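A.B. asks: Sending over coords_8.pdb (PDB, C-alpha atoms).
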ATOM      1  CA  MET A  17      -3.077  12.531  37.582
ATOM      2  CA  THR A  18      -3.433   9.481  39.825
ATOM      3  CA  LEU A  19      -6.523   7.478  40.650
ATOM      4  CA  LYS A  20      -6.458   9.103  44.047
ATOM      5  CA  ASP A  21      -6.551  12.552  42.466
ATOM      6  CA  VAL A  22      -9.665  11.609  40.490
ATOM      7  CA  SER A  23     -11.582  10.840  43.685
ATOM      8  CA  SER A  24     -10.363  13.810  45.743
ATOM      9  CA  GLU A  25     -12.749  16.199  47.446
ATOM     10  CA  ASN A  26     -12.377  18.752  44.634
ATOM     11  CA  GLN A  27     -13.630  16.260  42.063
ATOM     12  CA  PRO A  28     -17.116  14.829  41.491
ATOM     13  CA  THR A  29     -17.926  11.246  42.521
ATOM     14  CA  LEU A  30     -15.760   8.665  40.751
ATOM     15  CA  THR A  31     -17.645   6.954  37.910
ATOM     16  CA  GLU A  32     -17.058   3.831  35.845
ATOM     17  CA  GLN A  33     -16.108   6.036  32.895
ATOM     18  CA  ASP A  34     -13.488   7.764  35.042
ATOM     19  CA  VAL A  35     -11.957   4.372  35.775
ATOM     20  CA  VAL A  36     -12.091   3.398  32.122
ATOM     21  CA  GLU A  37     -10.397   6.603  31.036
ATOM     22  CA  TYR A  38      -7.782   6.281  33.738
ATOM     23  CA  LEU A  39      -6.877   2.727  32.767
ATOM     24  CA  ARG A  40      -6.896   3.686  29.094
ATOM     25  CA  THR A  41      -4.382   6.480  29.677
ATOM     26  CA  HIS A  42      -2.361   4.418  32.141
ATOM     27  CA  SER A  43      -1.936   1.160  30.270
ATOM     28  CA  ASP A  44       0.920   0.137  32.591
ATOM     29  CA  PHE A  45      -1.301   0.248  35.687
ATOM     30  CA  PHE A  46      -1.541  -3.536  36.040
ATOM     31  CA  ILE A  47       2.212  -3.898  35.652
ATOM     32  CA  ASP A  48       2.622  -2.274  39.038
ATOM     33  CA  HIS A  49      -0.501  -3.983  40.414
ATOM     34  CA  GLU A  50      -0.274  -7.421  38.872
ATOM     35  CA  TYR A  51      -1.938  -9.074  41.866
ATOM     36  CA  LEU A  52      -5.223  -7.438  40.845
ATOM     37  CA  LEU A  53      -5.367  -9.530  37.689
ATOM     38  CA  LYS A  54      -5.977 -12.595  39.816
ATOM     39  CA  GLU A  55      -8.467 -10.883  42.111
ATOM     40  CA  ILE A  56     -10.701  -9.350  39.417
ATOM     41  CA  LYS A  57     -13.472 -11.795  38.511
ATOM     42  CA  LEU A  58     -15.327 -11.909  35.199
ATOM     43  CA  PRO A  59     -18.392 -13.934  34.158
ATOM     44  CA  HIS A  60     -17.764 -16.921  31.902
ATOM     45  CA  GLN A  61     -19.958 -18.969  29.553
ATOM     46  CA  SER A  62     -19.782 -21.862  31.983
ATOM     47  CA  GLY A  63     -21.404 -19.667  34.644
ATOM     48  CA  LYS A  64     -18.276 -19.799  36.756
ATOM     49  CA  ALA A  65     -16.419 -16.544  37.453
ATOM     50  CA  ILE A  66     -12.830 -16.428  36.236
ATOM     51  CA  SER A  67      -9.934 -14.067  36.843
ATOM     52  CA  LEU A  68      -8.980 -11.356  34.376
ATOM     53  CA  ALA A  69      -5.796 -13.264  33.606
ATOM     54  CA  GLU A  70      -7.804 -16.372  32.770
ATOM     55  CA  ARG A  71     -10.117 -14.282  30.637
ATOM     56  CA  GLN A  72      -7.121 -12.896  28.733
ATOM     57  CA  VAL A  73      -5.866 -16.420  28.118
ATOM     58  CA  HIS A  74      -9.338 -17.368  26.837
ATOM     59  CA  VAL A  75      -9.389 -14.340  24.505
ATOM     60  CA  PHE A  76      -5.908 -15.154  23.191
ATOM     61  CA  ARG A  77      -7.004 -18.719  22.458
ATOM     62  CA  GLU A  78     -10.056 -17.471  20.560
ATOM     63  CA  GLN A  79      -7.858 -15.108  18.547
ATOM     64  CA  ARG A  80      -5.437 -17.949  17.867
ATOM     65  CA  ASP A  81      -8.279 -20.171  16.631
ATOM     66  CA  ASP A  82      -9.619 -17.373  14.412
ATOM     67  CA  LEU A  83      -6.177 -16.818  12.912
ATOM     68  CA  GLN A  84      -5.792 -20.548  12.359
ATOM     69  CA  HIS A  85      -9.094 -20.650  10.474
ATOM     70  CA  GLU A  86      -8.006 -17.671   8.342
ATOM     71  CA  LEU A  87      -4.685 -19.351   7.618
ATOM     72  CA  ASN A  88      -6.447 -22.577   6.608
ATOM     73  CA  ASP A  89      -8.737 -20.609   4.294
ATOM     74  CA  LEU A  90      -5.742 -18.910   2.681
ATOM     75  CA  LEU A  91      -4.003 -22.254   2.217
ATOM     76  CA  ASP A  92      -7.142 -23.700   0.598
ATOM     77  CA  ILE A  93      -7.331 -20.721  -1.772
ATOM     78  CA  ALA A  94      -3.636 -21.087  -2.624
ATOM     79  CA  LYS A  95      -4.157 -24.794  -3.331
ATOM     80  CA  GLN A  96      -7.142 -24.048  -5.563
ATOM     81  CA  ASN A  97      -5.142 -21.391  -7.410
ATOM     82  CA  ASP A  98      -2.295 -23.849  -7.997
ATOM     83  CA  GLN A  99      -4.710 -26.405  -9.410
ATOM     84  CA  PHE A 100      -6.401 -23.777 -11.585
ATOM     85  CA  PHE A 101      -3.016 -22.600 -12.830
ATOM     86  CA  ASP A 102      -2.019 -26.141 -13.854
ATOM     87  CA  LYS A 103      -5.318 -26.657 -15.686
ATOM     88  CA  SER A 104      -5.074 -23.267 -17.405
ATOM     89  CA  LYS A 105      -1.477 -23.904 -18.424
ATOM     90  CA  ARG A 106      -2.384 -27.281 -19.940
ATOM     91  CA  LEU A 107      -5.270 -25.676 -21.845
ATOM     92  CA  LEU A 108      -3.089 -22.852 -23.182
ATOM     93  CA  MET A 109      -0.302 -25.205 -24.283
ATOM     94  CA  ASN A 110      -2.787 -27.361 -26.189
ATOM     95  CA  LEU A 111      -4.424 -24.302 -27.758
ATOM     96  CA  ILE A 112      -1.099 -23.072 -29.100
ATOM     97  CA  GLU A 113      -0.750 -26.328 -31.061
ATOM     98  CA  ALA A 114      -4.247 -26.123 -32.596
ATOM     99  CA  GLN A 115      -4.211 -25.744 -36.384
ATOM    100  CA  SER A 116      -7.899 -25.044 -37.033
ATOM    101  CA  LEU A 117     -11.044 -23.780 -35.382
ATOM    102  CA  ASP A 118     -12.268 -27.360 -35.102
ATOM    103  CA  GLU A 119      -9.143 -28.272 -33.151
ATOM    104  CA  VAL A 120      -9.514 -25.179 -30.950
ATOM    105  CA  MET A 121     -13.038 -26.174 -29.976
ATOM    106  CA  ILE A 122     -12.028 -29.803 -29.394
ATOM    107  CA  VAL A 123      -9.208 -28.697 -27.072
ATOM    108  CA  VAL A 124     -11.433 -26.216 -25.238
ATOM    109  CA  GLU A 125     -14.333 -28.612 -24.735
ATOM    110  CA  ASP A 126     -12.026 -31.408 -23.569
ATOM    111  CA  SER A 127     -10.343 -29.118 -21.028
ATOM    112  CA  VAL A 128     -13.594 -27.610 -19.783
ATOM    113  CA  HIS A 129     -15.275 -30.984 -19.349
ATOM    114  CA  ASN A 130     -12.387 -33.098 -18.050
ATOM    115  CA  ASP A 131     -10.103 -30.626 -16.254
ATOM    116  CA  PHE A 132     -12.503 -28.008 -14.961
ATOM    117  CA  GLY A 133     -15.428 -30.362 -14.478
ATOM    118  CA  LEU A 134     -17.891 -28.057 -16.240
ATOM    119  CA  LYS A 135     -20.585 -29.142 -18.665
ATOM    120  CA  PHE A 136     -21.002 -25.942 -20.631
ATOM    121  CA  CYS A 137     -18.733 -23.729 -22.694
ATOM    122  CA  SER A 138     -19.296 -21.651 -25.790
ATOM    123  CA  MET A 139     -17.512 -19.330 -28.168
ATOM    124  CA  LEU A 140     -19.532 -16.407 -29.451
ATOM    125  CA  LEU A 141     -18.055 -14.200 -32.179
ATOM    126  CA  PHE A 142     -19.489 -10.948 -33.459
ATOM    127  CA  GLY A 143     -19.652 -10.993 -37.250
ATOM    128  CA  ASP A 144     -21.473 -11.910 -40.415
ATOM    129  CA  LYS A 145     -22.643 -15.534 -40.510
ATOM    130  CA  VAL A 146     -22.349 -15.509 -44.291
ATOM    131  CA  GLU A 147     -18.765 -14.296 -44.108
ATOM    132  CA  TYR A 148     -17.788 -16.852 -41.485
ATOM    133  CA  PRO A 149     -20.025 -19.926 -41.899
ATOM    134  CA  ILE A 150     -18.445 -21.815 -39.000
ATOM    135  CA  SER A 151     -20.395 -24.771 -37.673
ATOM    136  CA  ASN A 152     -18.885 -25.131 -34.197
ATOM    137  CA  VAL A 153     -18.563 -21.436 -33.326
ATOM    138  CA  GLN A 154     -21.630 -19.292 -32.709
ATOM    139  CA  MET A 155     -21.781 -16.135 -34.840
ATOM    140  CA  VAL A 156     -24.044 -13.133 -34.128
ATOM    141  CA  SER A 157     -24.031  -9.611 -35.458
ATOM    142  CA  GLN A 158     -22.608  -6.801 -33.342
ATOM    143  CA  LEU A 159     -26.043  -5.165 -33.076
ATOM    144  CA  GLU A 160     -27.706  -8.398 -31.982
ATOM    145  CA  ALA A 161     -25.007  -8.977 -29.358
ATOM    146  CA  GLU A 162     -25.289  -5.435 -27.982
ATOM    147  CA  ALA A 163     -29.096  -5.673 -27.822
ATOM    148  CA  THR A 164     -28.993  -8.880 -25.766
ATOM    149  CA  LEU A 165     -25.740  -8.700 -23.826
ATOM    150  CA  GLY A 166     -25.578  -4.962 -23.225
ATOM    151  CA  ALA A 167     -22.461  -3.672 -21.465
ATOM    152  CA  LEU A 168     -20.899  -7.153 -21.483
ATOM    153  CA  THR A 169     -19.932  -6.594 -25.136
ATOM    154  CA  GLU A 170     -17.703  -3.699 -24.045
ATOM    155  CA  SER A 171     -16.027  -5.439 -21.117
ATOM    156  CA  LYS A 172     -12.250  -5.677 -21.340
ATOM    157  CA  LYS A 173     -11.855  -8.241 -18.574
ATOM    158  CA  ALA A 174     -13.530 -11.453 -17.526
ATOM    159  CA  VAL A 175     -16.836 -11.078 -15.702
ATOM    160  CA  CYS A 176     -18.098 -13.786 -13.335
ATOM    161  CA  GLY A 177     -21.438 -14.255 -11.617
ATOM    162  CA  ARG A 178     -25.098 -14.620 -12.449
ATOM    163  CA  PHE A 179     -26.683 -13.070 -15.527
ATOM    164  CA  THR A 180     -30.113 -12.585 -17.035
ATOM    165  CA  GLU A 181     -31.955 -15.439 -18.679
ATOM    166  CA  ASP A 182     -31.723 -13.732 -22.088
ATOM    167  CA  GLN A 183     -27.967 -13.264 -21.739
ATOM    168  CA  LEU A 184     -27.390 -16.885 -20.742
ATOM    169  CA  THR A 185     -29.591 -18.129 -23.590
ATOM    170  CA  CYS A 186     -27.559 -16.051 -26.034
ATOM    171  CA  LEU A 187     -24.260 -17.328 -24.662
ATOM    172  CA  PHE A 188     -25.325 -20.967 -24.161
ATOM    173  CA  PRO A 189     -28.084 -21.655 -26.718
ATOM    174  CA  SER A 190     -27.817 -25.439 -26.352
ATOM    175  CA  ALA A 191     -27.768 -25.514 -22.535
ATOM    176  CA  GLN A 192     -31.585 -25.470 -22.305
ATOM    177  CA  GLY A 193     -31.600 -23.069 -19.389
ATOM    178  CA  LYS A 194     -29.356 -25.216 -17.178
ATOM    179  CA  VAL A 195     -26.595 -22.588 -16.799
ATOM    180  CA  VAL A 196     -27.163 -20.375 -13.761
ATOM    181  CA  SER A 197     -23.691 -18.894 -13.185
ATOM    182  CA  ALA A 198     -20.981 -18.162 -15.719
ATOM    183  CA  ALA A 199     -17.586 -16.684 -16.494
ATOM    184  CA  ILE A 200     -17.650 -14.469 -19.586
ATOM    185  CA  ILE A 201     -14.219 -13.927 -21.097
ATOM    186  CA  PRO A 202     -13.863 -11.159 -23.731
ATOM    187  CA  LEU A 203     -12.059 -11.825 -27.005
ATOM    188  CA  ARG A 204     -10.385  -8.764 -28.506
ATOM    189  CA  GLY A 205      -7.724  -8.263 -31.167
ATOM    190  CA  ASN A 206      -7.047  -7.869 -34.906
ATOM    191  CA  ASN A 207     -10.664  -7.169 -35.885
ATOM    192  CA  LEU A 208     -11.807  -9.966 -33.583
ATOM    193  CA  GLN A 209     -14.619  -9.369 -31.150
ATOM    194  CA  GLY A 210     -16.472 -11.971 -29.196
ATOM    195  CA  MET A 211     -16.753 -13.922 -25.976
ATOM    196  CA  PHE A 212     -15.615 -17.246 -24.635
ATOM    197  CA  SER A 213     -17.899 -18.404 -21.834
ATOM    198  CA  LEU A 214     -17.867 -21.083 -19.167
ATOM    199  CA  GLY A 215     -21.137 -22.108 -17.530
ATOM    200  CA  SER A 216     -22.154 -24.014 -14.420
ATOM    201  CA  GLU A 217     -25.383 -25.447 -13.026
ATOM    202  CA  ASP A 218     -24.200 -24.329  -9.576
ATOM    203  CA  GLU A 219     -25.271 -20.729  -8.920
ATOM    204  CA  ASN A 220     -22.300 -20.248  -6.570
ATOM    205  CA  TYR A 221     -19.616 -21.737  -8.833
ATOM    206  CA  PHE A 222     -18.813 -18.425 -10.502
ATOM    207  CA  GLU A 223     -18.972 -15.502  -8.074
ATOM    208  CA  SER A 224     -18.650 -11.822  -9.002
ATOM    209  CA  SER A 225     -15.750 -11.542  -6.519
ATOM    210  CA  MET A 226     -13.691 -14.265  -8.204
ATOM    211  CA  GLY A 227     -10.230 -13.377  -9.408
ATOM    212  CA  SER A 228      -9.847 -13.189 -13.170
ATOM    213  CA  LEU A 229      -6.086 -13.526 -13.629
ATOM    214  CA  PHE A 230      -6.129 -17.007 -15.178
ATOM    215  CA  LEU A 231      -9.246 -16.218 -17.201
ATOM    216  CA  THR A 232      -7.377 -13.220 -18.614
ATOM    217  CA  TYR A 233      -4.569 -15.523 -19.749
ATOM    218  CA  ILE A 234      -7.120 -17.619 -21.631
ATOM    219  CA  SER A 235      -8.620 -14.463 -23.153
ATOM    220  CA  ASP A 236      -5.226 -13.172 -24.319
ATOM    221  CA  THR A 237      -4.288 -16.515 -25.862
ATOM    222  CA  LEU A 238      -7.555 -16.986 -27.743
ATOM    223  CA  SER A 239      -7.544 -13.345 -28.885
ATOM    224  CA  ARG A 240      -4.169 -13.890 -30.578
ATOM    225  CA  LEU A 241      -4.841 -17.397 -31.814
ATOM    226  CA  LEU A 242      -8.264 -16.988 -33.404
ATOM    227  CA  PRO A 243      -7.759 -14.184 -36.000
ATOM    228  CA  PRO A 244      -5.363 -16.118 -38.292
ATOM    229  CA  LEU A 245      -7.503 -19.255 -37.958
ATOM    230  CA  LEU A 246     -10.613 -17.260 -38.866
ATOM    231  CA  GLN A 247      -8.839 -15.807 -41.877
ATOM    232  CA  ARG A 248      -7.779 -19.289 -42.941
ATOM    233  CA  GLU A 249     -11.359 -20.518 -42.512
ATOM    234  CA  ARG A 250     -12.678 -17.610 -44.532
ATOM    235  CA  ALA A 251     -10.144 -18.160 -47.319
ATOM    236  CA  ALA A 252     -10.992 -21.863 -47.471
ATOM    237  CA  THR A 253     -14.697 -21.063 -47.708
ATOM    238  CA  LYS A 254     -14.094 -18.638 -50.572
ATOM    239  CA  ALA A 255     -11.954 -21.197 -52.361
ATOM    240  CA  GLU A 256     -14.695 -23.781 -52.056
ATOM    241  CA  ASP A 257     -17.241 -21.279 -53.423
ATOM    242  CA  VAL A 258     -15.002 -20.511 -56.403
ATOM    243  CA  ALA A 259     -14.372 -24.203 -57.053
ATOM    244  CA  SER A 260     -18.093 -24.904 -57.035
ATOM    245  CA  LEU A 261     -18.591 -22.367 -59.821
ATOM    246  CA  LEU A 262     -16.022 -23.961 -62.080
TER     247      LEU A 262
END
Transcribe the structure of this file into structure tokens.
C.D. replies:
Amino acid sequence: MTLKDVSSENQPTLTEQDVVEYLRTHSDFFIDHEYLLKEIKLPHQSGKAISLAERQVHVFREQRDDLQHELNDLLDIAKQNDQFFDKSKRLLMNLIEAQSLDEVMIVVEDSVHNDFGLKFCSMLLFGDKVEYPISNVQMVSQLEAEATLGALTESKKAVCGRFTEDQLTCLFPSAQGKVVSAAIIPLRGNNLQGMFSLGSEDENYFESSMGSLFLTYISDTLSRLLPPLLQRERAATKAEDVASLL
């Protein structure tokens, strides 16, 4: 069907939709009628009418600018990921060399404060305070943790975002309500259950859409490192109790 056929006597009056449909099904129309591209005029933001060809050039430039912005955003994200990877790697290497829970916490706090630029971090383990009387690691019972933290105690991957006031108080008891966004990293393995948390005063620092790959590396490392150190701490405590009775 040609444009002429559409407007023949046997057809109703030609409408704008007819033209649209014709051009849509005959995408090569302007190849044979290229001169029309210069004759068709379109309104422009400047108030001056421009040709269809000029309008296409304008659209292509806008698309180019949009793609450039997207590319810049991707490059910024890649740069941030590289920096986060270097910081995480340095933290993990130092953790591997730690010989006690005290050293673990010193390494973690130094990395969090100096590398990541965060003021707040905490390690919360689920267990008996009497069994593990550890001064620099927070201990709570499983029931207490479940009552306050809810489904977070069952999470198998890092969770980022904003949490309730009660949850943040449980995770960061010494922060005095200053933490408004956090990354909660589960600790699981060899009878170990708990959480390692990072906190920020910026409500947008930790977003729920953040990737958790590097946080998972930290979780896996701590989950393997802590059990033998906890056992050593427990054995030392028992030895001290026995010695005090002699």
A.B. asks: Can you list, as a ChimeraX atom specification, every protein, DNA or RNA residue that comes within 12 Å of Ser235 of chain A when you count only C-alpha atoms, leaving out same-chain residues fewer than 3 positions away?
C.D. replies: /A:104,107-108,111,139,171-175,199-205,208-213,228-232,238-242
A.B. asks: Write the residues you've just listed into a file as a PDB file, in the coordinates of the input, and include C-alpha atoms for each of them.
C.D. replies:
ATOM      1  CA  SER A 104      -5.074 -23.267 -17.405  1.00  0.00           C
ATOM      2  CA  LEU A 107      -5.270 -25.676 -21.845  1.00  0.00           C
ATOM      3  CA  LEU A 108      -3.089 -22.852 -23.182  1.00  0.00           C
ATOM      4  CA  LEU A 111      -4.424 -24.302 -27.758  1.00  0.00           C
ATOM      5  CA  MET A 139     -17.512 -19.330 -28.168  1.00  0.00           C
ATOM      6  CA  SER A 171     -16.027  -5.439 -21.117  1.00  0.00           C
ATOM      7  CA  LYS A 172     -12.250  -5.677 -21.340  1.00  0.00           C
ATOM      8  CA  LYS A 173     -11.855  -8.241 -18.574  1.00  0.00           C
ATOM      9  CA  ALA A 174     -13.530 -11.453 -17.526  1.00  0.00           C
ATOM     10  CA  VAL A 175     -16.836 -11.078 -15.702  1.00  0.00           C
ATOM     11  CA  ALA A 199     -17.586 -16.684 -16.494  1.00  0.00           C
ATOM     12  CA  ILE A 200     -17.650 -14.469 -19.586  1.00  0.00           C
ATOM     13  CA  ILE A 201     -14.219 -13.927 -21.097  1.00  0.00           C
ATOM     14  CA  PRO A 202     -13.863 -11.159 -23.731  1.00  0.00           C
ATOM     15  CA  LEU A 203     -12.059 -11.825 -27.005  1.00  0.00           C
ATOM     16  CA  ARG A 204     -10.385  -8.764 -28.506  1.00  0.00           C
ATOM     17  CA  GLY A 205      -7.724  -8.263 -31.167  1.00  0.00           C
ATOM     18  CA  LEU A 208     -11.807  -9.966 -33.583  1.00  0.00           C
ATOM     19  CA  GLN A 209     -14.619  -9.369 -31.150  1.00  0.00           C
ATOM     20  CA  GLY A 210     -16.472 -11.971 -29.196  1.00  0.00           C
ATOM     21  CA  MET A 211     -16.753 -13.922 -25.976  1.00  0.00           C
ATOM     22  CA  PHE A 212     -15.615 -17.246 -24.635  1.00  0.00           C
ATOM     23  CA  SER A 213     -17.899 -18.404 -21.834  1.00  0.00           C
ATOM     24  CA  SER A 228      -9.847 -13.189 -13.170  1.00  0.00           C
ATOM     25  CA  LEU A 229      -6.086 -13.526 -13.629  1.00  0.00           C
ATOM     26  CA  PHE A 230      -6.129 -17.007 -15.178  1.00  0.00           C
ATOM     27  CA  LEU A 231      -9.246 -16.218 -17.201  1.00  0.00           C
ATOM     28  CA  THR A 232      -7.377 -13.220 -18.614  1.00  0.00           C
ATOM     29  CA  LEU A 238      -7.555 -16.986 -27.743  1.00  0.00           C
ATOM     30  CA  SER A 239      -7.544 -13.345 -28.885  1.00  0.00           C
ATOM     31  CA  ARG A 240      -4.169 -13.890 -30.578  1.00  0.00           C
ATOM     32  CA  LEU A 241      -4.841 -17.397 -31.814  1.00  0.00           C
ATOM     33  CA  LEU A 242      -8.264 -16.988 -33.404  1.00  0.00           C
TER      34      LEU A 242
END
A.B. asks: Residues picked by the PyMOL selection byres ((chain A and resi 137) around 8) here, as a ChimeraX atom specification?
C.D. replies: /A:125,128,134-136,138-139,188,212-215
A.B. asks: Grab the atom CA of Ile112 of chain A to atom CA of Thr237 of chain A distance for me, in Å with one decimal place.
C.D. replies: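 If I compute the distance from atom CA of Ile112 of chain A to atom CA of Thr237 of chain A, I get 8.0 Å.
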A.B. asks: To one decimal place, how far is atom CA of Phe76 of chain A from atom CA of Asn88 of chain A in Å?
C.D. replies: 18.2 Å
A.B. asks: Do you have the atom CA of Phe45 of chain A-atom CA of Val75 of chain A distance handy?
C.D. replies: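 If I compute the distance from atom CA of Phe45 of chain A to atom CA of Val75 of chain A, I get 20.1 Å.
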A.B. asks: Just checking: using only C-alpha atoms, which residue out of A:Phe132, A:Ser127, A:Leu187, A:Leu30 ends up closest to Met155 of chain A?
C.D. replies: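 Distance minimum relative to Met155 of chain A lands on A:Leu187.
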A.B. asks: Applied to the shown file, which residues does the PyMOL selection byres ((chain A and resi 181) around 12) return, written as a ChimeraX atom specification?
C.D. replies: /A:164-165,178-180,182-189,191-198
